[in-house]
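See structure below.
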Amino acid sequence: MLLVDTYLDKSSIQGIGVFARHRIPKGTLIWKLDPRFDRRIPVDTYESQTGPVKSYLDRYSYPDRHDPSYIVFEADDARYMNHDDDPNCDVSSPEETYALRDIAPGEELTCNYNHFFESGFDFLGDRHP
């Protein structure tokens with residue numbers, strides 16, 4: 001769950017993005033996996049989906065880095081965080097995200113999606129076994 005005050009807005013990177021409502025100092029814990037809200041979905045459940053549900057999970061979920069038999073679906077707006085090769089958020093930990101530098105009010109929060117995939121980033125639905 002996001003632990004800082006944010007809002008969604010149009011992103012210059014892709015579609016919708018997550019933006020800081022207030023200044024976020026470097027090192028601030030921005031997001032933490034909260035199993036009360038964030039969902040770990042078994043891969044077989046994910047793979048059995050079709051249509052809009054499957055498309056949504058393809059776009060907004062990622063492999064669980066602790067257990068490859070699950071995917072993670074974030075319950076809050078963190079799922080709208082966009083990729084950047086030079087991100088301002090560190091997602092190298094599977095369960096926490098920190099600010100890599102000071103983030104200004106109105107600045108988009110970004111992360112490097114390559115941390116979620118062993119062989120480089122692809123949307124889940126674009127991956128082939």
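A note on labels: chains of the structure tokens are A, B, ... as shown, every chain counts residues from 1, and ligands are counted from 1 in their shown order.
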
Got a sec: who's within 9 Å of region 65-73 of chain A, counting only C-alpha atoms, leaving out chain neighbours fewer than 4 positions off, as an mmCIF file with C-alpha atoms, in the first residue's frame?
data_model
loop_
_atom_site.group_PDB
_atom_site.id
_atom_site.type_symbol
_atom_site.label_atom_id
_atom_site.label_comp_id
_atom_site.auth_asym_id
_atom_site.auth_seq_id
_atom_site.Cartn_x
_atom_site.Cartn_y
_atom_site.Cartn_z
ATOM 1 C CA ASP A 38 -2.553 -6.416 -1.797
ATOM 2 C CA ARG A 39 -3.402 -9.747 -3.407
ATOM 3 C CA ARG A 40 -1.197 -12.717 -4.226
ATOM 4 C CA ILE A 41 -3.028 -14.601 -6.961
ATOM 5 C CA PRO A 42 -2.096 -18.194 -7.849
ATOM 6 C CA VAL A 43 -0.682 -18.385 -11.375
ATOM 7 C CA ASP A 44 -3.171 -21.119 -12.305
ATOM 8 C CA TYR A 46 -4.502 -15.988 -13.351
ATOM 9 C CA LEU A 57 -4.221 -8.653 -14.657
ATOM 10 C CA TYR A 60 -1.403 -4.328 -13.620
ATOM 11 C CA SER A 61 0.091 -7.424 -11.973
ATOM 12 C CA ARG A 79 -0.259 -0.329 -9.801
ATOM 13 C CA PRO A 94 9.907 -7.277 -3.257
ATOM 14 C CA PHE A 116 10.014 -7.609 -11.458
ATOM 15 C CA PHE A 117 11.174 -9.905 -14.269
#

What lies within 8 Å of Phe37 (chain A) using only C-alpha atoms, ignoring chain neighbours under 2 positions off, as number ranges by chain?
A: 1, 34-35, 39, 74-75

Store the residues of this selection in a file with N, CA, C and O atoms, as an mmCIF file, in the first residue's frame.
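Result saved to out.cif:
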data_model
loop_
_atom_site.group_PDB
_atom_site.id
_atom_site.type_symbol
_atom_site.label_atom_id
_atom_site.label_comp_id
_atom_site.auth_asym_id
_atom_site.auth_seq_id
_atom_site.Cartn_x
_atom_site.Cartn_y
_atom_site.Cartn_z
ATOM 1 N N MET A 1 0.839 -1.180 0.000
ATOM 2 C CA MET A 1 0.000 0.000 0.000
ATOM 3 C C MET A 1 0.887 1.247 0.000
ATOM 4 O O MET A 1 1.920 1.270 0.648
ATOM 5 N N ASP A 34 1.166 -5.099 1.659
ATOM 6 C CA ASP A 34 0.290 -5.329 2.810
ATOM 7 C C ASP A 34 -0.681 -6.443 2.441
ATOM 8 O O ASP A 34 -1.643 -6.210 1.706
ATOM 9 N N PRO A 35 -0.442 -7.652 2.943
ATOM 10 C CA PRO A 35 -1.276 -8.786 2.548
ATOM 11 C C PRO A 35 -2.747 -8.658 2.945
ATOM 12 O O PRO A 35 -3.581 -9.400 2.443
ATOM 13 N N ARG A 39 -3.027 -8.353 -3.168
ATOM 14 C CA ARG A 39 -3.402 -9.747 -3.407
ATOM 15 C C ARG A 39 -2.289 -10.537 -4.073
ATOM 16 O O ARG A 39 -1.670 -10.057 -5.026
ATOM 17 N N GLU A 74 -1.569 -5.183 -6.765
ATOM 18 C CA GLU A 74 -1.599 -4.150 -5.725
ATOM 19 C C GLU A 74 -2.992 -3.553 -5.634
ATOM 20 O O GLU A 74 -3.599 -3.227 -6.647
ATOM 21 N N ALA A 75 -3.476 -3.388 -4.419
ATOM 22 C CA ALA A 75 -4.850 -2.940 -4.190
ATOM 23 C C ALA A 75 -5.033 -1.438 -4.367
ATOM 24 O O ALA A 75 -6.156 -0.970 -4.477
#

One decimal place gives the CA of Asp84 (chain A)-CA of Asp102 (chain A) separation as 16.0 Å

As a list in words, please: every residue in chain A that a backbone DSSP assignment puts in helix (DSSP H, G or I).
Val43, Asp44, Thr45, Tyr46, Glu47, Gly51, Pro52, Val53, Lys54, Ser55, Tyr56, Leu57, Asp58, Arg59, Tyr60, Asp77, Ala78, Arg79, Tyr80, Tyr113, Asn114, His115, Phe116, Leu124, Gly125 and Asp126 of chain A

Just give me the gap between CA of Lys26 (chain A) and CA of Ser11 (chain A) in Å, one decimal is fine.
22.0 Å

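The neighbours of region 95-100 of chain A here are the residues that come within 6 Å of it, using only C-alpha atoms and leaving out any residue fewer than 4 positions away in the same chain; they are Lys26, Gly27, Thr28, Leu29, Ile30, Trp31, Lys32, Leu33, Asn88, Cys89, Asp90 and Val91 of chain A.
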
Next, dump the selected residues to file, keeping only all heavy atoms, as an mmCIF file, in the first residue's frame.
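What ended up in selection.cif:
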data_model
loop_
_atom_site.group_PDB
_atom_site.id
_atom_site.type_symbol
_atom_site.label_atom_id
_atom_site.label_comp_id
_atom_site.auth_asym_id
_atom_site.auth_seq_id
_atom_site.Cartn_x
_atom_site.Cartn_y
_atom_site.Cartn_z
ATOM 1 N N LYS A 26 14.353 11.904 0.053
ATOM 2 C CA LYS A 26 15.137 10.718 -0.290
ATOM 3 C C LYS A 26 15.123 9.750 0.893
ATOM 4 O O LYS A 26 15.240 10.159 2.046
ATOM 5 C CB LYS A 26 16.575 11.131 -0.614
ATOM 6 C CG LYS A 26 17.486 9.962 -0.923
ATOM 7 C CD LYS A 26 18.894 10.427 -1.210
ATOM 8 C CE LYS A 26 19.794 9.228 -1.491
ATOM 9 N NZ LYS A 26 21.156 9.651 -1.838
ATOM 10 N N GLY A 27 14.949 8.459 0.595
ATOM 11 C CA GLY A 27 14.970 7.436 1.633
ATOM 12 C C GLY A 27 13.626 7.139 2.266
ATOM 13 O O GLY A 27 13.496 6.197 3.047
ATOM 14 N N THR A 28 12.602 7.917 1.925
ATOM 15 C CA THR A 28 11.272 7.707 2.500
ATOM 16 C C THR A 28 10.690 6.379 2.015
ATOM 17 O O THR A 28 10.780 6.050 0.823
ATOM 18 C CB THR A 28 10.320 8.854 2.087
ATOM 19 O OG1 THR A 28 10.823 10.087 2.605
ATOM 20 C CG2 THR A 28 8.897 8.630 2.593
ATOM 21 N N LEU A 29 10.098 5.621 2.927
ATOM 22 C CA LEU A 29 9.366 4.411 2.560
ATOM 23 C C LEU A 29 8.074 4.855 1.885
ATOM 24 O O LEU A 29 7.237 5.516 2.501
ATOM 25 C CB LEU A 29 9.077 3.559 3.799
ATOM 26 C CG LEU A 29 8.288 2.267 3.574
ATOM 27 C CD1 LEU A 29 9.036 1.313 2.656
ATOM 28 C CD2 LEU A 29 7.999 1.606 4.922
ATOM 29 N N ILE A 30 7.923 4.515 0.609
ATOM 30 C CA ILE A 30 6.800 4.993 -0.199
ATOM 31 C C ILE A 30 5.678 3.963 -0.262
ATOM 32 O O ILE A 30 4.506 4.311 -0.255
ATOM 33 C CB ILE A 30 7.287 5.317 -1.627
ATOM 34 C CG1 ILE A 30 8.175 6.551 -1.584
ATOM 35 C CG2 ILE A 30 6.130 5.511 -2.594
ATOM 36 C CD1 ILE A 30 8.777 6.909 -2.902
ATOM 37 N N TRP A 31 6.047 2.690 -0.348
ATOM 38 C CA TRP A 31 5.070 1.616 -0.517
ATOM 39 C C TRP A 31 5.538 0.395 0.239
ATOM 40 O O TRP A 31 6.744 0.145 0.339
ATOM 41 C CB TRP A 31 4.940 1.278 -2.000
ATOM 42 C CG TRP A 31 4.026 0.138 -2.308
ATOM 43 C CD1 TRP A 31 2.682 0.199 -2.529
ATOM 44 C CD2 TRP A 31 4.371 -1.245 -2.428
ATOM 45 N NE1 TRP A 31 2.178 -1.066 -2.781
ATOM 46 C CE2 TRP A 31 3.203 -1.966 -2.719
ATOM 47 C CE3 TRP A 31 5.567 -1.948 -2.308
ATOM 48 C CZ2 TRP A 31 3.189 -3.345 -2.902
ATOM 49 C CZ3 TRP A 31 5.559 -3.318 -2.489
ATOM 50 C CH2 TRP A 31 4.371 -3.996 -2.784
ATOM 51 N N LYS A 32 4.587 -0.352 0.786
ATOM 52 C CA LYS A 32 4.903 -1.600 1.474
ATOM 53 C C LYS A 32 3.812 -2.610 1.147
ATOM 54 O O LYS A 32 2.627 -2.290 1.214
ATOM 55 C CB LYS A 32 4.982 -1.381 2.985
ATOM 56 C CG LYS A 32 5.426 -2.600 3.751
ATOM 57 C CD LYS A 32 5.744 -2.225 5.183
ATOM 58 C CE LYS A 32 6.210 -3.396 5.997
ATOM 59 N NZ LYS A 32 7.432 -4.010 5.553
ATOM 60 N N LEU A 33 4.231 -3.825 0.760
ATOM 61 C CA LEU A 33 3.275 -4.896 0.498
ATOM 62 C C LEU A 33 2.481 -5.158 1.765
ATOM 63 O O LEU A 33 3.046 -5.365 2.836
ATOM 64 C CB LEU A 33 4.009 -6.168 0.067
ATOM 65 C CG LEU A 33 3.117 -7.349 -0.285
ATOM 66 C CD1 LEU A 33 2.391 -7.087 -1.599
ATOM 67 C CD2 LEU A 33 3.938 -8.621 -0.392
ATOM 68 N N ASN A 88 12.837 7.322 -9.832
ATOM 69 C CA ASN A 88 13.013 8.013 -8.550
ATOM 70 C C ASN A 88 12.599 7.137 -7.367
ATOM 71 O O ASN A 88 12.700 7.545 -6.225
ATOM 72 C CB ASN A 88 12.277 9.362 -8.524
ATOM 73 C CG ASN A 88 10.810 9.238 -8.870
ATOM 74 O OD1 ASN A 88 10.200 8.175 -8.786
ATOM 75 N ND2 ASN A 88 10.218 10.368 -9.277
ATOM 76 N N CYS A 89 12.141 5.906 -7.654
ATOM 77 C CA CYS A 89 11.743 4.964 -6.607
ATOM 78 C C CYS A 89 12.504 3.652 -6.761
ATOM 79 O O CYS A 89 12.684 3.161 -7.872
ATOM 80 C CB CYS A 89 10.241 4.678 -6.668
ATOM 81 S SG CYS A 89 9.230 6.125 -6.336
ATOM 82 N N ASP A 90 12.937 3.098 -5.647
ATOM 83 C CA ASP A 90 13.679 1.843 -5.623
ATOM 84 C C ASP A 90 12.739 0.693 -5.284
ATOM 85 O O ASP A 90 12.214 0.637 -4.171
ATOM 86 C CB ASP A 90 14.793 1.934 -4.586
ATOM 87 C CG ASP A 90 15.595 0.655 -4.454
ATOM 88 O OD1 ASP A 90 15.402 -0.280 -5.251
ATOM 89 O OD2 ASP A 90 16.435 0.599 -3.527
ATOM 90 N N VAL A 91 12.523 -0.208 -6.243
ATOM 91 C CA VAL A 91 11.653 -1.375 -6.037
ATOM 92 C C VAL A 91 12.472 -2.664 -5.993
ATOM 93 O O VAL A 91 11.948 -3.743 -6.241
ATOM 94 C CB VAL A 91 10.549 -1.468 -7.114
ATOM 95 C CG1 VAL A 91 9.585 -0.308 -7.019
ATOM 96 C CG2 VAL A 91 11.147 -1.571 -8.508
#
